[in-house]
$ cat work12.txt   # compact mmCIF, C-alpha atoms and all ligand atoms
# COMPACT_ATOMS: atom_id res chain seq x y z
CA MET A 1466 0.00 0.00 0.00
CA ALA A 1467 1.25 3.46 -0.84
CA THR A 1468 2.65 5.55 2.00
CA LEU A 1469 1.43 9.11 2.45
CA SER A 1470 4.54 10.54 0.84
CA GLU A 1471 4.09 8.17 -2.13
CA ALA A 1472 0.59 9.53 -2.45
CA TYR A 1473 2.15 12.97 -2.87
CA ARG A 1474 4.82 11.72 -5.24
CA ASN A 1475 2.32 10.13 -7.65
CA THR A 1476 0.62 13.41 -8.25
CA PRO A 1477 1.41 16.42 -10.38
CA LEU A 1478 1.92 18.35 -7.16
CA HIS A 1479 5.67 18.11 -7.14
CA PRO A 1480 7.18 21.42 -8.09
CA HIS A 1481 10.57 20.49 -6.66
CA HIS A 1482 12.18 21.78 -9.78
CA ILE A 1483 10.59 25.13 -9.01
CA ILE A 1484 12.81 26.95 -6.61
CA PRO A 1485 11.66 30.04 -4.71
CA LEU A 1486 12.78 33.34 -6.18
CA ASP A 1487 15.90 34.85 -4.61
CA PHE A 1488 13.81 37.59 -2.99
CA GLN A 1489 16.89 39.25 -1.47
CA SER A 1490 18.20 40.12 -4.91
CA VAL A 1491 15.08 41.40 -6.72
CA GLU A 1492 14.15 45.06 -6.92
CA ARG A 1493 10.87 44.72 -8.74
CA VAL A 1494 8.09 42.17 -9.03
CA PRO A 1495 8.88 40.05 -12.10
CA GLU A 1496 6.12 39.17 -14.58
CA SER A 1497 6.16 35.58 -13.28
CA HIS A 1498 5.08 36.88 -9.85
CA SER A 1499 2.72 39.63 -10.95
CA TRP A 1500 -0.93 38.83 -10.20
CA GLN A 1501 -2.15 42.13 -11.64
CA ASP A 1502 -3.92 40.59 -14.62
CA ASP A 1503 -5.53 37.87 -12.61
CA SER A 1504 -9.21 38.09 -11.90
CA LEU A 1505 -8.69 37.62 -8.16
CA PRO A 1506 -9.60 40.71 -6.18
CA LEU A 1507 -6.28 41.11 -4.43
CA ARG A 1508 -7.07 43.84 -1.99
CA ILE A 1509 -9.15 43.50 1.09
CA GLN A 1510 -12.75 44.66 0.88
CA SER A 1511 -13.27 45.45 4.53
CA PRO A 1512 -12.89 49.03 5.72
CA GLU A 1513 -9.61 50.17 7.27
CA SER A 1514 -11.32 50.77 10.57
CA GLY A 1515 -14.73 50.67 12.18
CA GLU A 1516 -17.07 47.99 10.90
CA GLU A 1517 -14.61 45.28 10.08
CA ALA A 1518 -15.83 41.88 11.28
CA SER A 1519 -13.39 40.11 13.53
CA LEU A 1520 -12.61 36.54 14.32
CA PRO A 1521 -13.95 35.05 17.59
CA ILE A 1522 -11.38 34.85 20.40
CA ILE A 1523 -11.71 31.83 22.70
CA ASP A 1524 -10.05 31.67 26.09
CA LEU A 1525 -9.13 28.03 26.66
CA GLY A 1526 -8.90 28.66 30.38
CA ASP A 1527 -12.53 29.74 30.48
CA SER A 1528 -15.27 27.26 31.34
CA GLU A 1529 -17.36 28.82 28.53
CA ALA A 1530 -14.81 27.70 25.90
CA LEU A 1531 -16.82 24.61 24.95
CA LYS A 1532 -19.92 26.70 24.32
CA MET A 1533 -18.02 29.11 22.09
CA VAL A 1534 -16.15 26.67 19.91
CA GLY A 1535 -19.11 25.24 17.95
CA PRO A 1536 -20.59 28.59 16.90
CA ALA A 1537 -17.11 29.89 15.96
CA CYS A 1538 -16.41 26.85 13.77
CA GLU A 1539 -19.85 27.08 12.20
CA ALA A 1540 -19.80 30.80 11.43
CA TRP A 1541 -16.12 31.30 10.60
CA GLY A 1542 -14.34 27.95 10.30
CA MET A 1543 -11.63 29.83 12.15
CA PHE A 1544 -11.03 31.35 15.58
CA GLN A 1545 -8.20 32.56 17.77
CA VAL A 1546 -7.24 30.94 21.07
CA ILE A 1547 -5.66 32.51 24.11
CA ASN A 1548 -4.43 30.76 27.26
CA HIS A 1549 -3.48 27.87 24.99
CA GLY A 1550 -0.57 26.69 27.14
CA ILE A 1551 2.26 27.20 24.62
CA SER A 1552 4.84 29.46 26.20
CA THR A 1553 5.80 32.82 24.74
CA THR A 1554 9.45 31.85 25.11
CA LEU A 1555 9.00 28.76 22.93
CA ILE A 1556 7.11 30.78 20.31
CA ARG A 1557 9.85 33.44 20.28
CA ASP A 1558 12.47 30.69 19.88
CA VAL A 1559 10.59 29.23 16.90
CA GLU A 1560 10.41 32.69 15.34
CA SER A 1561 14.08 33.36 15.82
CA GLU A 1562 15.18 29.96 14.47
CA ALA A 1563 12.88 30.38 11.45
CA ARG A 1564 14.34 33.84 10.88
CA ARG A 1565 17.86 32.42 11.15
CA PHE A 1566 16.98 30.05 8.31
CA PHE A 1567 15.11 32.44 6.01
CA SER A 1568 17.77 35.18 6.38
CA LEU A 1569 20.40 32.91 4.85
CA PRO A 1570 21.60 33.61 1.31
CA ALA A 1571 19.52 31.72 -1.31
CA LYS A 1572 22.46 29.42 -2.05
CA GLU A 1573 22.52 28.24 1.57
CA LYS A 1574 18.74 27.70 1.78
CA MET A 1575 18.96 25.57 -1.34
CA LYS A 1576 20.92 23.00 0.66
CA ALA A 1577 17.62 22.17 2.38
CA LEU A 1578 15.59 21.95 -0.86
CA ARG A 1579 12.67 19.48 -0.79
CA SER A 1580 13.71 16.37 -2.69
CA PRO A 1581 11.53 14.89 -5.44
CA GLY A 1582 8.91 12.80 -3.69
CA GLY A 1583 9.71 14.24 -0.29
CA ALA A 1584 7.24 16.09 1.88
CA ALA A 1585 9.81 17.99 3.92
CA GLY A 1586 12.30 20.73 3.16
CA TYR A 1587 12.63 24.15 1.61
CA GLY A 1588 10.61 25.19 -1.43
CA VAL A 1589 7.62 26.88 -3.01
CA ALA A 1590 4.11 26.24 -1.61
CA ARG A 1591 2.62 22.92 -2.65
CA ILE A 1592 -0.38 24.65 -4.22
CA THR A 1593 1.88 26.51 -6.69
CA PRO A 1594 1.07 24.35 -9.77
CA PHE A 1595 -2.62 25.26 -9.52
CA PHE A 1596 -2.01 28.94 -10.22
CA ASN A 1597 -0.53 30.58 -13.26
CA LYS A 1598 1.59 33.01 -11.26
CA PHE A 1599 4.15 32.36 -8.55
CA MET A 1600 3.72 33.48 -4.98
CA TRP A 1601 5.81 35.90 -2.94
CA HIS A 1602 6.57 33.10 -0.55
CA GLU A 1603 9.13 30.55 0.51
CA GLY A 1604 8.43 27.71 2.91
CA PHE A 1605 10.21 25.13 5.01
CA THR A 1606 8.11 22.04 5.74
CA ILE A 1607 9.05 19.92 8.74
CA VAL A 1608 7.69 16.41 9.27
CA GLY A 1609 9.02 15.06 12.57
CA SER A 1610 12.67 15.95 12.89
CA PRO A 1611 14.16 18.56 10.53
CA MET A 1612 17.62 17.14 11.27
CA ASP A 1613 18.53 15.88 7.79
CA HIS A 1614 17.86 19.22 6.14
CA ALA A 1615 19.17 21.38 8.99
CA ARG A 1616 22.48 19.49 9.08
CA GLU A 1617 23.03 20.20 5.38
CA VAL A 1618 22.55 23.89 6.06
CA TRP A 1619 24.43 24.20 9.35
CA PRO A 1620 26.81 21.23 9.76
CA HIS A 1621 27.82 22.55 13.18
CA GLY A 1622 24.84 24.66 14.16
CA TYR A 1623 21.75 22.56 13.48
CA ARG A 1624 21.00 21.33 17.02
CA ARG A 1625 19.23 24.40 18.34
CA PHE A 1626 16.99 24.60 15.23
CA CYS A 1627 16.01 20.93 15.62
CA GLU A 1628 15.40 21.11 19.36
CA VAL A 1629 13.18 24.16 19.07
CA MET A 1630 11.14 22.82 16.13
CA GLU A 1631 10.68 19.42 17.78
CA GLU A 1632 9.60 20.93 21.09
CA TYR A 1633 7.14 23.24 19.32
CA GLN A 1634 5.64 20.33 17.38
CA LYS A 1635 5.16 18.35 20.62
CA LYS A 1636 3.39 21.21 22.32
CA THR A 1637 1.27 22.06 19.29
CA LYS A 1638 0.27 18.42 18.85
CA ASP A 1639 -1.01 18.31 22.44
CA LEU A 1640 -2.89 21.54 21.85
CA SER A 1641 -4.37 20.21 18.57
CA GLU A 1642 -5.63 17.10 20.37
CA ARG A 1643 -7.18 19.21 23.13
CA LEU A 1644 -8.84 21.41 20.53
CA LEU A 1645 -10.10 18.46 18.53
CA ILE A 1646 -11.70 16.89 21.59
CA LEU A 1647 -13.36 20.21 22.35
CA ILE A 1648 -14.60 20.53 18.76
CA LEU A 1649 -15.93 16.94 18.68
CA LYS A 1650 -17.71 17.53 21.99
CA SER A 1651 -19.21 20.67 20.54
CA LEU A 1652 -20.59 18.49 17.72
CA GLY A 1653 -22.49 16.61 20.41
CA ILE A 1654 -20.24 13.57 20.57
CA PRO A 1655 -20.10 12.43 24.20
CA GLU A 1656 -16.61 12.41 25.68
CA GLU A 1657 -16.63 8.63 26.27
CA HIS A 1658 -17.33 8.04 22.56
CA ILE A 1659 -14.28 9.96 21.47
CA GLU A 1660 -11.86 7.10 20.93
CA TRP A 1661 -9.64 8.97 18.60
CA PRO A 1662 -7.72 11.31 19.06
CA ARG A 1663 -7.70 10.09 22.66
CA SER A 1664 -6.20 6.73 21.66
CA ALA A 1665 -3.61 8.51 19.52
CA ALA A 1666 -2.78 10.88 22.32
CA TYR A 1667 -2.66 8.52 25.25
CA GLN A 1668 -2.54 4.90 24.14
CA GLY A 1669 0.13 4.77 21.50
CA GLY A 1670 -2.34 4.27 18.63
CA PRO A 1671 -1.30 4.87 15.00
CA ALA A 1672 0.47 8.19 14.61
CA PRO A 1673 -1.56 11.16 13.40
CA CYS A 1674 -0.38 12.88 10.19
CA THR A 1675 1.22 16.15 11.17
CA ALA A 1676 3.52 18.77 9.65
CA LEU A 1677 4.95 22.10 10.65
CA GLN A 1678 5.20 24.63 7.85
CA LEU A 1679 7.41 27.69 8.33
CA ASN A 1680 6.15 30.39 5.96
CA SER A 1681 8.23 33.40 4.91
CA TYR A 1682 6.86 36.36 2.96
CA PRO A 1683 9.73 38.73 2.16
CA SER A 1684 8.98 42.45 1.92
CA CYS A 1685 7.74 43.21 -1.57
CA PRO A 1686 8.44 46.30 -3.72
CA ASP A 1687 4.86 46.25 -5.08
CA PRO A 1688 2.54 44.36 -2.70
CA ALA A 1689 -0.59 45.22 -4.69
CA ARG A 1690 0.66 43.06 -7.56
CA ALA A 1691 1.96 40.17 -5.50
CA MET A 1692 0.30 37.29 -3.67
CA GLY A 1693 1.85 35.80 -0.53
CA LEU A 1694 -0.07 32.55 -0.40
CA ALA A 1695 -2.98 32.12 -2.79
CA GLN A 1696 -6.43 31.20 -1.54
CA HIS A 1697 -6.76 27.64 -0.34
CA THR A 1698 -8.29 25.48 2.35
CA ASP A 1699 -6.06 23.33 4.54
CA SER A 1700 -6.51 19.61 4.01
CA PHE A 1701 -6.22 18.02 7.44
CA LEU A 1702 -8.50 18.27 10.49
CA LEU A 1703 -7.24 21.50 11.89
CA THR A 1704 -4.37 23.93 11.62
CA VAL A 1705 -2.82 25.86 14.49
CA LEU A 1706 -1.18 28.98 13.11
CA HIS A 1707 1.13 31.48 14.72
CA GLN A 1708 1.65 34.74 12.85
CA VAL A 1709 4.48 37.01 13.98
CA SER A 1710 3.03 40.01 15.71
CA GLY A 1711 2.68 43.44 14.24
CA ILE A 1712 2.44 42.49 10.55
CA ASN A 1713 -0.91 41.87 8.86
CA GLY A 1714 -1.17 39.33 6.09
CA LEU A 1715 -3.65 36.54 6.79
CA GLN A 1716 -7.14 36.98 5.37
CA VAL A 1717 -10.18 34.72 5.59
CA LEU A 1718 -13.12 34.65 3.20
CA LYS A 1719 -16.28 35.24 5.23
CA GLU A 1720 -19.66 34.76 3.65
CA GLY A 1721 -21.31 38.13 3.24
CA ALA A 1722 -18.24 40.08 4.33
CA GLY A 1723 -15.58 39.28 1.72
CA TRP A 1724 -11.94 38.96 2.70
CA VAL A 1725 -11.51 39.73 6.38
CA ARG A 1726 -8.13 40.49 7.88
CA VAL A 1727 -6.97 38.30 10.75
CA VAL A 1728 -4.97 40.84 12.72
CA PRO A 1729 -2.26 39.10 14.78
CA LEU A 1730 -3.17 39.23 18.44
CA GLU A 1731 -0.22 39.09 20.84
CA GLY A 1732 -0.19 35.69 22.57
CA ALA A 1733 -3.02 34.22 20.48
CA LEU A 1734 -2.90 31.34 18.01
CA VAL A 1735 -5.23 31.04 15.02
CA VAL A 1736 -7.09 27.73 14.62
CA ASN A 1737 -8.70 26.81 11.37
CA VAL A 1738 -10.99 24.02 10.28
CA GLY A 1739 -9.50 21.81 7.58
CA ASP A 1740 -11.24 19.72 4.92
CA MET A 1741 -11.27 16.55 7.04
CA LEU A 1742 -13.15 18.28 9.83
CA HIS A 1743 -15.49 19.68 7.21
CA ILE A 1744 -16.20 16.08 6.19
CA MET A 1745 -16.47 14.75 9.77
CA SER A 1746 -18.89 17.53 10.74
CA ASN A 1747 -20.95 16.80 7.59
CA GLY A 1748 -20.29 20.34 6.35
CA LEU A 1749 -21.43 22.04 9.54
CA PHE A 1750 -17.91 23.34 10.25
CA PRO A 1751 -16.64 24.64 6.91
CA SER A 1752 -13.00 24.51 5.89
CA VAL A 1753 -12.60 28.14 4.98
CA LEU A 1754 -10.71 29.73 2.14
CA HIS A 1755 -7.85 31.84 3.39
CA ARG A 1756 -4.80 33.51 1.87
CA ALA A 1757 -1.85 35.69 2.82
CA VAL A 1758 -0.93 39.04 1.30
CA VAL A 1759 2.45 40.73 1.55
CA ASP A 1760 3.86 43.95 2.89
CA LYS A 1761 6.02 46.65 1.31
CA THR A 1762 8.48 47.05 4.16
CA SER A 1763 8.13 44.12 6.52
CA HIS A 1764 9.25 40.56 6.15
CA ARG A 1765 6.35 38.51 7.51
CA MET A 1766 6.55 34.97 8.86
CA SER A 1767 3.99 32.47 10.06
CA MET A 1768 4.18 28.92 11.41
CA ALA A 1769 1.36 26.54 10.53
CA TYR A 1770 0.98 23.19 12.29
CA PHE A 1771 -1.27 20.78 10.40
CA TYR A 1772 -2.93 17.99 12.38
CA GLY A 1773 -4.71 15.09 10.72
CA PRO A 1774 -5.75 11.52 11.50
CA PRO A 1775 -3.40 8.57 10.81
CA ALA A 1776 -2.90 7.90 7.09
CA ASP A 1777 -5.21 4.83 7.03
CA TYR A 1778 -8.01 6.42 9.03
CA ARG A 1779 -11.35 6.55 7.21
CA VAL A 1780 -12.66 10.08 7.42
CA ALA A 1781 -16.47 10.18 7.28
CA PRO A 1782 -19.33 12.29 8.58
CA ILE A 1783 -19.94 11.37 12.21
CA PRO A 1784 -23.51 10.20 12.75
CA ARG A 1785 -24.74 12.10 15.75
CA GLY A 1786 -27.75 9.92 16.42
CA CYS A 1787 -29.99 12.92 16.20
CA PRO A 1788 -33.32 12.25 14.43
CA SER A 1789 -33.26 15.62 12.70
CA GLN A 1790 -29.71 15.16 11.46
CA ALA A 1791 -29.09 16.22 7.89
CA PRO A 1792 -28.43 13.38 5.42
CA LEU A 1793 -24.74 12.47 5.23
CA GLN A 1794 -23.10 14.57 2.54
CA PHE A 1795 -19.79 12.79 2.01
CA ARG A 1796 -18.67 9.25 1.38
CA PRO A 1797 -15.89 7.88 3.63
CA VAL A 1798 -12.38 8.48 2.39
CA THR A 1799 -8.99 7.52 3.84
CA VAL A 1800 -6.57 10.29 4.67
CA ARG A 1801 -4.17 8.97 2.04
CA GLU A 1802 -6.87 8.82 -0.64
CA TYR A 1803 -8.07 12.35 0.15
CA ILE A 1804 -4.55 13.83 0.00
CA GLU A 1805 -4.07 12.13 -3.37
CA MET A 1806 -7.34 13.59 -4.67
CA LYS A 1807 -6.54 17.06 -3.41
CA ALA A 1808 -3.08 16.98 -4.92
CA LYS A 1809 -4.69 16.37 -8.33
CA ASN A 1810 -7.57 18.75 -7.91
CA LEU A 1811 -7.17 21.50 -5.35
CA ASP A 1812 -10.70 22.86 -5.53
CA GLY A 1813 -12.51 19.69 -6.47
CA ALA A 1814 -11.47 17.22 -3.77
CA LEU A 1815 -14.39 17.88 -1.41
CA SER A 1816 -16.95 17.85 -4.19
CA GLY A 1817 -15.33 14.64 -5.47
CA ILE A 1818 -16.50 12.74 -2.39
CA ARG A 1819 -19.83 14.51 -2.03
CA VAL A 1820 -22.76 12.09 -2.28
CA ARG A 1821 -25.58 14.62 -2.26
C1 LIG B 1 0.94 18.47 5.73
C2 LIG B 1 0.78 19.30 4.74
C3 LIG B 1 -0.34 20.27 4.62
C4 LIG B 1 0.05 21.07 3.40
C5 LIG B 1 0.75 20.05 2.57
C6 LIG B 1 1.70 19.40 3.58
O1 LIG B 1 2.23 18.20 3.15
C7 LIG B 1 2.83 20.35 3.94
C8 LIG B 1 2.52 21.76 3.55
C9 LIG B 1 1.08 22.16 3.78
C10 LIG B 1 0.68 23.37 2.94
C11 LIG B 1 1.13 24.73 3.49
C12 LIG B 1 0.63 25.84 2.55
C13 LIG B 1 -0.82 25.65 2.14
C14 LIG B 1 -1.09 24.20 1.71
C15 LIG B 1 -2.48 24.05 1.12
C16 LIG B 1 0.05 23.79 0.82
O2 LIG B 1 0.12 23.92 -0.36
O3 LIG B 1 1.09 23.24 1.57
C17 LIG B 1 -0.82 23.28 2.87
C18 LIG B 1 -1.08 21.79 2.65
C19 LIG B 1 -2.47 21.30 2.94
O4 LIG B 1 -3.10 21.65 3.94
O5 LIG B 1 -2.94 20.53 2.11
O1 LIG B 2 0.79 32.90 6.55
C1 LIG B 2 -0.37 32.75 6.90
O2 LIG B 2 -0.91 33.52 7.70
C2 LIG B 2 -1.21 31.63 6.32
C3 LIG B 2 -0.45 30.34 6.15
C4 LIG B 2 -1.33 29.24 5.66
O3 LIG B 2 -2.46 29.43 5.34
C5 LIG B 2 -0.77 27.87 5.57
O4 LIG B 2 0.42 27.66 5.82
O5 LIG B 2 -1.57 26.97 5.23
FE FE B 3 -3.52 27.49 5.07

$ encode --input "work12.txt" --output "structure tokens"
Amino acid sequence: MATLSEAYRNTPLHPHHIIPLDFQSVERVPESHSWQDDSLPLRIQSPESGEEASLPIIDLGDSEALKMVGPACEAWGMFQVINHGISTTLIRDVESEARRFFSLPAKEKMKALRSPGGAAGYGVARITPFFNKFMWHEGFTIVGSPMDHAREVWPHGYRRFCEVMEEYQKKTKDLSERLLILILKSLGIPEEHIEWPRSAAYQGGPAPCTALQLNSYPSCPDPARAMGLAQHTDSFLLTVLHQVSGINGLQVLKEGAGWVRVVPLEGALVVNVGDMLHIMSNGLFPSVLHRAVVDKTSHRMSMAYFYGPPADYRVAPIPRGCPSQAPLQFRPVTVREYIEMKAKNLDGALSGIRVR
């Protein structure tokens, strides 16, 4: 049976030959990166101040958190969490190690280039082949330990990078499992019926699929013509995202409001619903389209942790035993099969498994 990384390899989604632009050496936005002629409305539609809708903020230390999570997932497919238990020091360390990597000359970063068929390493965003322009973005994907790539880059200085990234993944995995349990409870699934992710978290069950993606959006001479990360939904169950403070960039598409800015809130993490939670909630919690725009003077970074079920897990709408429950909208699909479908058809994967 194909492994998850083979599922990726057998798809057209392997732009390993496409290397990020050397952003440090360009003075203007090249034609290849100019989204000007594209039909996408690049700029935000919300007002600069005043009426702009804003993402729900959930305090995980508050006993009301459970009550707030369902409505936030339903209305936004995204929310911010505070009191999440991940220390500011660890987050600062992740930022500074990511900055240490992205500030290297292009030639040095290339030593960590994603290999053909590999999921991890330095490169352009995986969604790149679905758009006819390139993004103002470079990424470093970490699956487990980043040791092999980090050692190529810093033969004598890789340890700190690895320690920090591994520690952050551990803490974010625990947080993702806590969040998922909360979300499943909010769907009305009694705690004792939640076998997974509990079994994964506590009983050494099959490992969940996870990845940490370090995103870098260099400052851009003409941000109105460039796109940081084009609109997409995340594939797994949920994503926990940290955006460095003080620099706007993330936007979410909200029905009736257009693109809404997700202003970084000091100490908060952004959580977003991925396609697999969309399926499990039978469409009640939508995986939302989001994107990142770039800034003229600031180099922006974000760190996205993707959390999904084990590769062989069959993702399906969870019957909630409620007589008025809507008919099930999706057929079951394994994680591996879904990733394969999405890699071939970015926008059509969900509709591909829709049964009504
Ligand atoms: C685990 C993963 C989710 C991701 C594909 C990947 O293998 C590693 C990178 C992730 C990312 C980050 C940018 C947006 C995104 C859609 C992409 O192209 O690569 C996500 C992928 C995803 O959620 O499918
Ligand atoms: O940089 C951001 O704020 C968004 C990143 C993102 O959407 C992703 O990595 O999937
Ligand atoms: Fe995303």

$ residues_near_ligand --input "work12.txt" --ligand "ligand FE 3 (chain B)" --cutoff "10 Å" --atoms "all atoms listed in the file" --output "list in words"
Gln1678, Leu1694, Ala1695, Gln1696, His1697, Thr1698, Asp1699, Ser1700, Leu1703, Thr1704, Val1705, Leu1706, Leu1715, Val1717, Asn1737, Val1738, Gly1739, Ser1752, Val1753, Leu1754, His1755, Arg1756, Ala1757, Ala1769, Tyr1770 and Phe1771 of chain A

$ atom_distance --input "work12.txt" --atom1 "atom CA of A:Glu1805" --atom2 "atom CA of A:Met1745"
18.3 Å

$ residues_around --input "work12.txt" --residues "A:Phe1605" --least-positions-apart "5" --cutoff "7 Å" --atoms "all atoms listed in the file" --output "PyMOL selection string"
chain A and resi 1586-1588+1678-1680

$ closest_residue --input "work12.txt" --among "A:Met1533, A:Met1692, A:Ile1818, A:Val1759" --to "A:Met1741" --atoms "all atoms listed in the file"
A:Ile1818

$ closest_residue --input "work12.txt" --among "A:Leu1647, A:Met1600, A:Ala1733, A:Ala1590" --to "A:Pro1688" --atoms "only C-alpha atoms"
A:Met1600

$ axis_aligned_box --input "work12.txt" --around "ligand LIG 1 (chain B)" --padding-each-side "3 Å" --output "lines of an AutoDock Vina configuration file"
center_x = -0.1
center_y = 22.0
center_z = 2.7
size_x = 11.9
size_y = 13.6
size_z = 12.1

$ closest_residue --input "work12.txt" --among "A:Pro1536, A:Pro1485, A:Gly1542, A:Pro1729" --to "ligand LIG 2 (chain B)" --atoms "only C-alpha atoms and all ligand atoms"
A:Pro1729

$ residues_around --input "work12.txt" --residues "A:Leu1486" --least-positions-apart "3" --cutoff "10 Å" --atoms "all atoms listed in the file" --output "count of residues only"
15

$ residues_near_point --input "work12.txt" --point "(2.0, 10.6, 11.5)" --cutoff "8 Å" --atoms "only C-alpha atoms" --output "NGL selection string"
:A and (1671-1675 or 1774-1776)

$ closest_residue --input "work12.txt" --among "A:Ala1584, A:Cys1627, A:Phe1596, A:Ala1722" --to "A:Asn1810" --atoms "only C-alpha atoms"
A:Phe1596

$ atom_distance --input "work12.txt" --atom1 "atom CA of A:Leu1525" --atom2 "atom CA of A:Leu1649"
15.3 Å

$ closest_residue --input "work12.txt" --among "A:Leu1730, A:Val1709, A:Leu1645, A:Met1612" --to "A:Tyr1682" --atoms "only C-alpha atoms"
A:Val1709

$ atom_distance --input "work12.txt" --atom1 "atom CA of A:His1707" --atom2 "atom CA of A:Gln1501"
28.6 Å

$ closest_residue --input "work12.txt" --among "A:Lys1532, A:Lys1807, A:His1764, A:Arg1624" --to "A:Ser1651" --atoms "all atoms listed in the file"
A:Lys1532

$ residues_around --input "work12.txt" --residues "A:Phe1626" --least-positions-apart "5" --cutoff "12 Å" --atoms "only C-alpha atoms" --output "list in words"
Leu1555, Asp1558, Val1559, Glu1560, Ser1561, Glu1562, Ala1563, Arg1564, Arg1565, Phe1566, Ile1607, Ser1610, Pro1611, Met1612, Asp1613, His1614, Ala1615, Arg1616, Val1618, Trp1619, Pro1620, His1621, Glu1631, Glu1632 and Tyr1633 of chain A

$ residues_around --input "work12.txt" --residues "A:Phe1544" --least-positions-apart "4" --cutoff "9 Å" --atoms "all atoms listed in the file" --output "VMD selection string"
chain A and resid 1520 to 1523 1534 1537 to 1538 1734 to 1737

$ build_atoms --input "work12.txt" --residues "stretch 1542-1547 of chain A" --atoms "all heavy atoms" --output "PDB file, in the frame of the given file"
ATOM      1  N   GLY A1542     -15.314  29.002  10.635  1.00  0.00           N
ATOM      2  CA  GLY A1542     -14.340  27.950  10.300  1.00  0.00           C
ATOM      3  C   GLY A1542     -12.957  28.330  10.798  1.00  0.00           C
ATOM      4  O   GLY A1542     -11.947  27.731  10.411  1.00  0.00           O
ATOM      5  N   MET A1543     -12.917  29.317  11.658  1.00  0.00           N
ATOM      6  CA  MET A1543     -11.630  29.830  12.150  1.00  0.00           C
ATOM      7  C   MET A1543     -11.873  30.601  13.433  1.00  0.00           C
ATOM      8  O   MET A1543     -12.915  31.237  13.582  1.00  0.00           O
ATOM      9  CB  MET A1543     -11.050  30.757  11.078  1.00  0.00           C
ATOM     10  CG  MET A1543      -9.563  30.992  11.173  1.00  0.00           C
ATOM     11  SD  MET A1543      -8.959  32.155   9.929  1.00  0.00           S
ATOM     12  CE  MET A1543      -8.171  31.123   8.731  1.00  0.00           C
ATOM     13  N   PHE A1544     -10.932  30.535  14.362  1.00  0.00           N
ATOM     14  CA  PHE A1544     -11.030  31.350  15.580  1.00  0.00           C
ATOM     15  C   PHE A1544      -9.628  31.523  16.144  1.00  0.00           C
ATOM     16  O   PHE A1544      -8.670  30.898  15.665  1.00  0.00           O
ATOM     17  CB  PHE A1544     -11.994  30.717  16.600  1.00  0.00           C
ATOM     18  CG  PHE A1544     -11.698  29.288  16.990  1.00  0.00           C
ATOM     19  CD1 PHE A1544     -10.888  28.994  18.072  1.00  0.00           C
ATOM     20  CD2 PHE A1544     -12.231  28.227  16.257  1.00  0.00           C
ATOM     21  CE1 PHE A1544     -10.613  27.684  18.436  1.00  0.00           C
ATOM     22  CE2 PHE A1544     -11.958  26.899  16.609  1.00  0.00           C
ATOM     23  CZ  PHE A1544     -11.146  26.629  17.700  1.00  0.00           C
ATOM     24  N   GLN A1545      -9.499  32.417  17.120  1.00  0.00           N
ATOM     25  CA  GLN A1545      -8.200  32.560  17.770  1.00  0.00           C
ATOM     26  C   GLN A1545      -8.321  31.988  19.177  1.00  0.00           C
ATOM     27  O   GLN A1545      -9.389  32.075  19.788  1.00  0.00           O
ATOM     28  CB  GLN A1545      -7.792  34.031  17.877  1.00  0.00           C
ATOM     29  CG  GLN A1545      -7.858  34.763  16.552  1.00  0.00           C
ATOM     30  CD  GLN A1545      -6.747  35.811  16.390  1.00  0.00           C
ATOM     31  OE1 GLN A1545      -5.583  35.527  16.592  1.00  0.00           O
ATOM     32  NE2 GLN A1545      -7.111  37.017  16.005  1.00  0.00           N
ATOM     33  N   VAL A1546      -7.225  31.424  19.689  1.00  0.00           N
ATOM     34  CA  VAL A1546      -7.240  30.940  21.070  1.00  0.00           C
ATOM     35  C   VAL A1546      -6.198  31.669  21.910  1.00  0.00           C
ATOM     36  O   VAL A1546      -5.089  31.918  21.441  1.00  0.00           O
ATOM     37  CB  VAL A1546      -6.984  29.414  21.204  1.00  0.00           C
ATOM     38  CG1 VAL A1546      -8.220  28.616  20.889  1.00  0.00           C
ATOM     39  CG2 VAL A1546      -5.805  28.935  20.371  1.00  0.00           C
ATOM     40  N   ILE A1547      -6.614  31.975  23.134  1.00  0.00           N
ATOM     41  CA  ILE A1547      -5.660  32.510  24.110  1.00  0.00           C
ATOM     42  C   ILE A1547      -5.626  31.553  25.305  1.00  0.00           C
ATOM     43  O   ILE A1547      -6.490  30.682  25.398  1.00  0.00           O
ATOM     44  CB  ILE A1547      -6.021  33.960  24.546  1.00  0.00           C
ATOM     45  CG1 ILE A1547      -7.461  34.037  25.073  1.00  0.00           C
ATOM     46  CG2 ILE A1547      -5.829  34.940  23.391  1.00  0.00           C
ATOM     47  CD1 ILE A1547      -7.823  35.379  25.687  1.00  0.00           C
TER      48      ILE A1547
END
